[in-house]
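First the structure, in the form of structure tokens, and then the observations on it.
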Amino acid sequence: MPKHPDPHAALAMNMIDRVCVGDILTRTCDLYPDDIAMVDGDRSMTYREFETQTNQAASALLALGLQPGDAVGVLARNCLEQMVTYMACARANLVFAPVNLGLKPHEIAYCLKDCGAKVLIIEDALAEAGKGLPEHLPALQHVYWTGTEAIEGGGKSWQPFTRLLASGSDSPLEVLVGDRDPVQLLYTSGTTANPKGVVTSHLAVTMAAMANVIANHLPPQASMLCNLPLFHCTAVNCLALPTFMIGGKLVLTKGFEARECARLIEEHKIVMFVFLPMMYNDILTDPEARARDFSSVKRALYAMAPMAESKLKDIHELCPNADVILGSGQTEFTPATCLIRPEHQWSKAGSWGTATTMTRVAIMDDNGNLLPPGQPGEIVYRGPQVMTEYFNQPEKTEEAFKFGWFHSGDIASIDEDGAIWFTDRKKDVIKTGGENVASIEVERCLIGHPAVSEAAVIGVPHDRWGEAITANVILMPGATATEEELIEHCKTQIGGFKVPKAILIVDEFPRTGTGKIQKHLIRKSLEGYYSD
């Protein structure tokens, strides 16, 4: 873009050629102003109302004295106000920094302090949790909440979010926004250290939204169900923003409940959703949920864990007009990075699929050499949707971009068709008796047993084996199975050195706020298991 000494000329040129996430909404509002953009329980919002409130919130935030790049923290479940705040931040060149509700209170405080949030917006249902935050946030200047009255909390005055909107102008806001300026700051779950803040630009987010529209063959004005939390990249980048790009309807829930989600799918003629395997289990085993009409669904995505072929067949029966597709990605490389192509949903159901439109995927060894098809190594990525940096962590950023590629930390191989066959996270490969065993292979074996709903396999320190393969499993509702029976099943399916030394049948797994199994907590709970 040519340089203009005149700031007015620079802004005028910027408005013509920029990439700004906030402009997605404006373009869609031009086309579908009276269509419903979002549904939140008994509330709904048209694109005209969405655009108006976005302008109001953006101008009001700037009137508070916020500067480009300042963070606006959000403590909320899925709600209209959260997406208005996101688009307002994008429009005003501020940074949307939602809190991962799966984190512990001290981790939430760490994230908001780390990003220097000057404004915090809190959902009324989370007011008690929010009251303990302001005293830990030295940069915090203003607190707004979705309640109806002004209150005091944590030494700060909390004003209603509606008052913030009322103080802003609904005129179109024009602010200089650079393509590579940050628009969102999402914090990873954190395992053994503090969560890492992933900074992502307007260009990266816009490219990812376009790639999702293309890869999922989304028709204009399609309805999408968003039950995953909007503080997570899957919900905000794979569901919400692509929906707004096509003028669709985003149906929000506060979480997952099988009967309610099934009702919403039928009522709103949902075209696409993303469920975790345990969510599909809940619907398939609930007669009332399963009896709903799923014929509108064209894309039934799943993520985070493999599923047995028998389960995939059940989902195809539930959604007769849908492709049942595994998607993968990570916060640092705005998802989806890989999706199973429809023609591969049976022949390559165990794979991660192939690269999405804007992503290049390769396999690399530890010395930076790209490997040929069939050879295992680390998955590395290139593409415009990559993060800008880990916030305030330059060493980790440099490590992630080593050899001119983004390093995923995942081990896999790529076949001749470009399909990615995931082996394991580097840290989850089990070293037992001199052999390397992929935990996911053992998990796939276990969930192939008709009594097993989910499995989590880890290595536990062992005097003889170094690490002993150890499984935690959750059984299907009403099913029974013994440890001995499951071990015998494994012996018939996989090599002897891959068979678990112990299988523990449990009621639940520790999980992140997005449902991902926290294997590090399972490892910690089993420390010393084989020492007796």
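A note on labels: chains of the structure tokens are A, B, ... as shown, every chain counts residues from 1, and ligands are counted from 1 in their shown order.
Within the 10 Å cut-off around His142 (chain A), using only C-alpha atoms and omitting residues fewer than 3 positions from it on the same chain, the listed residues are A:Leu61, A:Leu64, A:Val72, A:Ala117, A:Lys118, A:Val119, A:Leu120, A:Ile121, A:Pro134, A:Ala139, A:Lys156, A:Ser157, A:Trp158, A:Gln159.
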Checklist line | Backbone-only DSSP, helix (DSSP H, G or I) members of region 359-482 of chain A, as a PyMOL selection string | finding: chain A and resi 394-400+402-404+426-428+439-447
Selection export as a PDB file, in the first residue's frame, atoms kept: N, CA and C atoms:
```pdb
ATOM      1  N   PRO A 394       8.954 -14.684  23.183  1.00  0.00           N
ATOM      2  CA  PRO A 394       9.703 -14.710  21.919  1.00  0.00           C
ATOM      3  C   PRO A 394      10.482 -15.998  21.694  1.00  0.00           C
ATOM      4  N   GLU A 395      10.988 -16.631  22.746  1.00  0.00           N
ATOM      5  CA  GLU A 395      11.752 -17.865  22.564  1.00  0.00           C
ATOM      6  C   GLU A 395      10.860 -18.999  22.077  1.00  0.00           C
ATOM      7  N   LYS A 396       9.668 -19.112  22.643  1.00  0.00           N
ATOM      8  CA  LYS A 396       8.744 -20.158  22.204  1.00  0.00           C
ATOM      9  C   LYS A 396       8.249 -19.881  20.784  1.00  0.00           C
ATOM     10  N   THR A 397       8.091 -18.592  20.447  1.00  0.00           N
ATOM     11  CA  THR A 397       7.701 -18.231  19.084  1.00  0.00           C
ATOM     12  C   THR A 397       8.775 -18.651  18.093  1.00  0.00           C
ATOM     13  N   GLU A 398      10.034 -18.333  18.410  1.00  0.00           N
ATOM     14  CA  GLU A 398      11.144 -18.699  17.525  1.00  0.00           C
ATOM     15  C   GLU A 398      11.233 -20.209  17.354  1.00  0.00           C
ATOM     16  N   GLU A 399      11.030 -20.939  18.430  1.00  0.00           N
ATOM     17  CA  GLU A 399      11.073 -22.404  18.358  1.00  0.00           C
ATOM     18  C   GLU A 399       9.968 -22.945  17.463  1.00  0.00           C
ATOM     19  N   ALA A 400       8.780 -22.350  17.567  1.00  0.00           N
ATOM     20  CA  ALA A 400       7.637 -22.810  16.769  1.00  0.00           C
ATOM     21  C   ALA A 400       7.850 -22.581  15.278  1.00  0.00           C
ATOM     22  N   LYS A 402      10.819 -22.647  13.634  1.00  0.00           N
ATOM     23  CA  LYS A 402      12.143 -23.142  13.240  1.00  0.00           C
ATOM     24  C   LYS A 402      12.121 -23.741  11.830  1.00  0.00           C
ATOM     25  N   PHE A 403      13.196 -23.519  11.078  1.00  0.00           N
ATOM     26  CA  PHE A 403      13.377 -24.036   9.716  1.00  0.00           C
ATOM     27  C   PHE A 403      12.368 -23.467   8.717  1.00  0.00           C
ATOM     28  N   GLY A 404      11.731 -22.341   9.082  1.00  0.00           N
ATOM     29  CA  GLY A 404      10.839 -21.693   8.124  1.00  0.00           C
ATOM     30  C   GLY A 404       9.478 -22.342   7.981  1.00  0.00           C
ATOM     31  N   LYS A 426       4.001 -35.616  20.123  1.00  0.00           N
ATOM     32  CA  LYS A 426       5.370 -36.007  20.473  1.00  0.00           C
ATOM     33  C   LYS A 426       5.453 -36.447  21.927  1.00  0.00           C
ATOM     34  N   LYS A 427       4.783 -35.697  22.791  1.00  0.00           N
ATOM     35  CA  LYS A 427       4.873 -35.972  24.224  1.00  0.00           C
ATOM     36  C   LYS A 427       4.034 -37.178  24.643  1.00  0.00           C
ATOM     37  N   ASP A 428       3.161 -37.683  23.749  1.00  0.00           N
ATOM     38  CA  ASP A 428       2.300 -38.812  24.102  1.00  0.00           C
ATOM     39  C   ASP A 428       2.764 -40.143  23.521  1.00  0.00           C
ATOM     40  N   SER A 439      -0.035 -43.822  21.355  1.00  0.00           N
ATOM     41  CA  SER A 439      -1.188 -44.013  22.241  1.00  0.00           C
ATOM     42  C   SER A 439      -2.489 -44.071  21.445  1.00  0.00           C
ATOM     43  N   ILE A 440      -2.565 -43.318  20.349  1.00  0.00           N
ATOM     44  CA  ILE A 440      -3.815 -43.278  19.586  1.00  0.00           C
ATOM     45  C   ILE A 440      -4.126 -44.625  18.934  1.00  0.00           C
ATOM     46  N   GLU A 441      -3.094 -45.395  18.581  1.00  0.00           N
ATOM     47  CA  GLU A 441      -3.344 -46.707  17.987  1.00  0.00           C
ATOM     48  C   GLU A 441      -4.022 -47.630  18.997  1.00  0.00           C
ATOM     49  N   VAL A 442      -3.551 -47.581  20.232  1.00  0.00           N
ATOM     50  CA  VAL A 442      -4.148 -48.416  21.279  1.00  0.00           C
ATOM     51  C   VAL A 442      -5.556 -47.923  21.595  1.00  0.00           C
ATOM     52  N   GLU A 443      -5.758 -46.616  21.580  1.00  0.00           N
ATOM     53  CA  GLU A 443      -7.085 -46.058  21.833  1.00  0.00           C
ATOM     54  C   GLU A 443      -8.069 -46.490  20.748  1.00  0.00           C
ATOM     55  N   ARG A 444      -7.627 -46.486  19.501  1.00  0.00           N
ATOM     56  CA  ARG A 444      -8.509 -46.930  18.417  1.00  0.00           C
ATOM     57  C   ARG A 444      -8.885 -48.390  18.589  1.00  0.00           C
ATOM     58  N   CYS A 445      -7.935 -49.172  19.035  1.00  0.00           N
ATOM     59  CA  CYS A 445      -8.218 -50.585  19.269  1.00  0.00           C
ATOM     60  C   CYS A 445      -9.282 -50.741  20.355  1.00  0.00           C
ATOM     61  N   LEU A 446      -9.130 -50.008  21.444  1.00  0.00           N
ATOM     62  CA  LEU A 446     -10.063 -50.138  22.565  1.00  0.00           C
ATOM     63  C   LEU A 446     -11.471 -49.674  22.199  1.00  0.00           C
ATOM     64  N   ILE A 447     -11.586 -48.555  21.473  1.00  0.00           N
ATOM     65  CA  ILE A 447     -12.931 -48.084  21.144  1.00  0.00           C
ATOM     66  C   ILE A 447     -13.575 -48.942  20.063  1.00  0.00           C
TER      67      ILE A 447
END
```
Please identify all polymer residues within 12 Å of Asn55 (chain A), counting only C-alpha atoms, omitting same-chain residues fewer than 4 positions from it, and present them as a CSV table (one decimal) with C-alpha atoms, in the first residue's frame.
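Output (out.csv):
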```csv
chain,number,residue,atom,x,y,z
A,22,GLY,CA,-15.0,-6.4,11.1
A,23,ASP,CA,-15.7,-5.8,7.4
A,25,LEU,CA,-20.1,-8.2,9.0
A,26,THR,CA,-20.5,-5.0,7.1
A,48,ARG,CA,-28.7,-4.9,10.8
A,49,GLU,CA,-28.9,-5.0,14.6
A,50,PHE,CA,-25.5,-6.8,14.8
A,51,GLU,CA,-23.9,-4.1,12.6
A,59,SER,CA,-16.9,3.7,19.2
A,60,ALA,CA,-17.7,3.4,22.9
A,61,LEU,CA,-14.5,1.4,23.5
A,62,LEU,CA,-12.4,4.0,21.7
A,84,VAL,CA,-20.7,-8.1,19.3
A,85,THR,CA,-17.6,-7.5,21.4
A,86,TYR,CA,-15.5,-9.6,19.0
A,87,MET,CA,-16.7,-7.6,16.0
A,88,ALA,CA,-16.4,-4.3,17.8
A,89,CYS,CA,-12.7,-5.1,18.7
A,90,ALA,CA,-12.1,-5.9,15.0
A,91,ARG,CA,-13.7,-2.7,13.8
A,92,ALA,CA,-11.8,-0.5,16.4
A,164,LEU,CA,-21.7,0.8,26.9
A,165,LEU,CA,-23.7,0.4,23.7
A,166,ALA,CA,-25.8,3.5,24.4
A,167,SER,CA,-22.7,5.6,24.9
A,168,GLY,CA,-21.4,4.8,21.4
A,169,SER,CA,-22.4,6.1,18.0
A,170,ASP,CA,-24.1,3.8,15.5
A,171,SER,CA,-22.5,5.6,12.6
A,172,PRO,CA,-20.1,3.4,10.5
A,173,LEU,CA,-16.7,3.5,12.2
A,174,GLU,CA,-13.7,4.0,10.1
A,175,VAL,CA,-10.4,3.3,11.8
```
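As for CA of Phe96 (chain A) and CA of Val205 (chain A), they are spaced 12.2 Å apart.
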Notebook entry, point to check: Can you list, as a VMD selection string, every protein, DNA or RNA residue that comes within 6 Å of Ala451 (chain A) when you count only C-alpha atoms, leaving out same-chain residues fewer than 2 positions away?
Noted result: chain A and resid 449 475 to 476 479
Note to self: So the first atom is CA of Arg464 (chain A) and the second is CA of Val506 (chain A); what is the distance between them in Å, to one decimal place?
What the structure shows: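 Pair CA of Arg464 (chain A) / CA of Val506 (chain A) returns 25.9 Å.
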Notebook entry, point to check: Just how far from CA of Ile469 (chain A) is CA of Gly528 (chain A), in Å to one decimal?
Noted result: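 Those two atoms sit 13.8 Å apart.
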Next item on the list: Fewer than 2 positions away in the same chain doesn't count, so skip those; otherwise give me all residues within 12 Å of Val19 (chain A), counting only C-alpha atoms, as a VMD selection string.
Entry: chain A and resid 13 to 17 21 to 24 90 to 91 93 176 to 183 201 to 207
When DSSP works through the backbone of this structure, what residues of region 14-54 of chain A end up as strand (DSSP E or B), shown as a short mmCIF file (atom, residue, chain, number, x, y, z; two decimals) with N, CA and C atoms, in the first residue's frame?
```cif
data_model
loop_
_atom_site.label_atom_id
_atom_site.label_comp_id
_atom_site.auth_asym_id
_atom_site.auth_seq_id
_atom_site.Cartn_x
_atom_site.Cartn_y
_atom_site.Cartn_z
N ILE A 36 -31.70 -13.24 10.24
CA ILE A 36 -31.22 -13.50 11.59
C ILE A 36 -29.75 -13.90 11.54
N ALA A 37 -28.91 -13.19 12.27
CA ALA A 37 -27.49 -13.51 12.35
C ALA A 37 -27.18 -14.47 13.47
N MET A 38 -27.83 -14.29 14.62
CA MET A 38 -27.55 -15.13 15.79
C MET A 38 -28.82 -15.40 16.57
N VAL A 39 -28.87 -16.59 17.16
CA VAL A 39 -29.94 -16.98 18.08
C VAL A 39 -29.28 -17.41 19.39
N ASP A 40 -29.77 -16.85 20.49
CA ASP A 40 -29.22 -17.15 21.81
C ASP A 40 -30.40 -17.37 22.75
N ARG A 43 -33.50 -15.10 22.60
CA ARG A 43 -33.07 -13.85 21.97
C ARG A 43 -32.54 -14.11 20.57
N SER A 44 -32.72 -13.14 19.70
CA SER A 44 -32.13 -13.25 18.37
C SER A 44 -31.69 -11.86 17.93
N MET A 45 -30.86 -11.80 16.89
CA MET A 45 -30.31 -10.54 16.40
C MET A 45 -30.18 -10.61 14.89
N THR A 46 -30.71 -9.61 14.20
CA THR A 46 -30.56 -9.55 12.75
C THR A 46 -29.17 -8.99 12.41
#
```
Next item on the list: Find the spatial neighbours of region 221-234 of chain A, counting only C-alpha atoms, within a cut-off of 9 Å - ignore same-chain residues fewer than 5 positions away - and output them as a PyMOL selection string.
Entry: chain A and resi 32+35+74-79+82-83+97-101+186-188+239-240+243-244+246-257+261+264-265+268-275+329-331+334-336+513-515
Item checked: Spatial neighbours of Asp323 (chain A), max dist 9 Å, only C-alpha atoms, sep filter under 3 positions, as a VMD selection string -> chain A and resid 297 to 301 316 319 to 320 341 to 342 345
